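A short write-up of the structure that comes next.
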Amino acid sequence: MRRFPAFDELIASAALALMTLIPLVEIALRPLHGKGIDNAPLLVQHLGLVLAMFGGVLAERGGHLTALGNGLANARQPALRAASAVFAKGSAAILCGMLAAASWRFVASELDAGRELAYGLPVWWVQALMPAGFLILGARLGSRCSAHPIARFLLGLALTGAGFLFAHHFDGSTLPVLPFAVGLLAALLAGAPIFAVLGGLALALFWSEGQPLASVPLSHYQITVNPSLPALPLFTLAGLVFARSGAARRLGTLFTACFGGGSTGTAIAAALLCSFFTAFTGGSGVTILALGGLLLPLLKDAGFPERKGISLVTSASALGVLLAPSVPLIMYAIIARVPINTMFLAGLVPALVMVVFLLIVGGYLRRGDVTAPQVERPKADLRVALGAAWAARWEILAPVVAIGSLVSGLATPTESAALTAAYAILTQAIAHRELDFAVLRRCLADCAQVIGGVMLILGMALGLTNYLVDAGIPDAAVEWVQATLPNKFAFLVALNVFLFLAGALMEIYAAIVVLVPLLLPVALSYGIDPVHFGVIFLAVMEMGFLCPPAGMNIFFASAMFAKPIREVAVSVLPALLAIFLGALAISWIPELATGLPTLLGR
């Protein structure tokens, strides 16, 4: 890492740090002065927009903008690979220019409103970061089309400028959607970033109706300043801090002491530990990177073949999506307008059900494939477990801070997330002395990259969704599905199959924003509770982590364990069946999801 951070890392990390500090200052000042910082919630929400744009720029610099696989970039012919990369980056640059023009139109419409955030800061100053961010993204993507320095600069400027001028000139015009759709599909298959393709499709659909293009950046602005959205980066930051410190080792020791070091105990400990970590880190790929090097040797020592051990770590790392404070769980609550604390409670029992299905149906508890342990493995020991629990006491208390402060009503979702992030930083820096400034800087930068890329996808996907809702697609879907599927159970089976296919093809955050507004009205028409539907949706989407081309766990595991992607993909097939059957069980027994919130009155 460079000694001095680049401007995108500096701005994104500063925004994330302020998102953590402002709610904490607000909590401290309220009891002392009766009020806190002026418009503190609005400030934090608009810092989310700063994080989205410059985190996205940082993600592009690091090569972490999500694409639908590498597409034609994996072709065997060098010429085809090179042409595919140029087409993907060039198309994305043009699309970013279009999005910048649309964003500037949105900002221009806000100039006359004269709204202020706090302390005289005009709202449009922050909103102006949208066109600026898209212009920087476009210039960088365009510059990737050549290796020559001067050509890089000229291409970045020309491609982004062409997109900007095209959108500016034809804004309000009516253009045919088919040429756009064909070009966008080609760009997607070539490896263009998903956010650019989604944004381009939203622009094309609004163009086809002759509607103003500012509707797309308006959607991006609305989702990035959503009151609950700051919880996403703050919980993710907490998880990354734990992942970068010795928390994984301490928790691994605790789980092994609780369940023993034999094949059964190690399998249970690995599944639970991976699920717990994924809930906090917000991405199962991070769990594989943080725990893979720790758990695979333990599994091999317990007698598991290497391939089966890789399969367990890869598949179990997908199961934390239903556990609080998972990012997709919060995201669903925001999109479906369900209380976040209700979803936190609703996901607990189904998450344990999915772990049980994975271990039993997936065959990880079968002794037939397990050889004699390579070394003497300790049995479960209460005294050792108590000692390990004391060593990991700060990590054990993290869910209490995260969930307890929220469910008890003592803190808003944003304040709860800020408390959790601060708790993670302080405990790892002071109690364990494992977090210095360099590691914290890396955590801030990594979190900004992950969340910036996700927020770009969310904003563009919401623009597409808003068009579909305005076009009456959800109502048409309700009528068609009710005429096709005669009863609730037939719908549930069809829903599980459809979501499985969608999870394999779509990034989970885009799927939540695009599909939930379309499918939730259909589910409600069959009498399915929105909380139950959310748990079903996320449970099936867990399979998407294990299915190419969008199954990122496969790629992370391949890189982590130095194994071919095909070998990892084949190894998780039993886990896919187990997760699918677990999702069906959750679908047919709604009390698994709704029982705990009902019992606690949430």
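Identifiers in the structure tokens: chain A, B, ... in order shown; residue index from 1 per chain; ligand index from 1 in order shown.
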
Hey, what does DSSP flag as alpha helix (DSSP H) within range 213-341 of chain A? Can you give it to me as a ChimeraX atom specification? /A:215-224,231-244,247-259,263-281,284-301,306-316,327-336,340-341

Point out the residue among A:Met552, A:Glu567, A:Ile335, A:Tyr509 with the least atom-to-atom distance to Ile223 in chain A, counting only C-alpha atoms. A:Ile335

Check which residues of range 131-208 of chain A sit at most 6 Å from range 454-465 of chain A using only C-alpha atoms, and return one row each with the closest pair of atoms and their distance in Å to one decimal, ordered by chain and rising number, as JSON lines.
```
{"residue": "A:Phe195", "atom": "CA", "partner": "A:Ile457", "partner_atom": "CA", "distance": 4.5}
{"residue": "A:Leu198", "atom": "CA", "partner": "A:Met460", "partner_atom": "CA", "distance": 5.6}
{"residue": "A:Gly199", "atom": "CA", "partner": "A:Met460", "partner_atom": "CA", "distance": 4.7}
{"residue": "A:Ala202", "atom": "CA", "partner": "A:Leu464", "partner_atom": "CA", "distance": 4.6}
```

What's the separation between CA of Trp394 in chain A and CA of Thr20 in chain A, in Å to one decimal place? 19.3 Å

A:Leu592, A:Met98, A:Leu129, A:Cys258 ranked by distance to Ala196 in chain A, top pick (using only C-alpha atoms): A:Met98

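Distances here use only C-alpha atoms; by that measure, the residue among A:Phe537, A:Tyr119, A:Phe206, A:Phe54 closest to Pro328 in chain A is A:Phe537.
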
Close residues, Glu116 in chain A itself excluded, 12 Å, only C-alpha atoms, min 2 positions apart in chain, as a short mmCIF file (atom, residue, chain, number, x, y, z; two decimals) with C-alpha atoms, in the first residue's frame:
```cif
data_model
loop_
_atom_site.label_atom_id
_atom_site.label_comp_id
_atom_site.auth_asym_id
_atom_site.auth_seq_id
_atom_site.Cartn_x
_atom_site.Cartn_y
_atom_site.Cartn_z
CA ASP A 38 -27.66 19.75 13.61
CA ASN A 39 -29.26 17.45 11.03
CA LEU A 42 -29.00 13.89 7.01
CA LEU A 43 -25.26 14.47 7.18
CA HIS A 46 -25.32 12.20 2.41
CA GLU A 110 -31.93 21.01 -7.48
CA LEU A 111 -29.96 24.27 -7.69
CA ASP A 112 -33.03 26.49 -7.38
CA ALA A 113 -34.41 24.59 -4.40
CA GLY A 114 -31.79 26.14 -2.09
CA ALA A 118 -26.46 21.74 7.98
CA TYR A 119 -24.27 24.70 8.91
CA GLY A 120 -24.96 26.44 5.59
CA LEU A 121 -23.81 23.54 3.40
CA PRO A 122 -25.99 23.40 0.24
CA VAL A 123 -27.38 19.97 -0.63
CA TRP A 124 -26.42 20.37 -4.29
CA TRP A 125 -22.71 20.49 -3.37
CA VAL A 126 -22.93 16.86 -2.28
CA GLN A 127 -25.25 15.92 -5.15
#
```
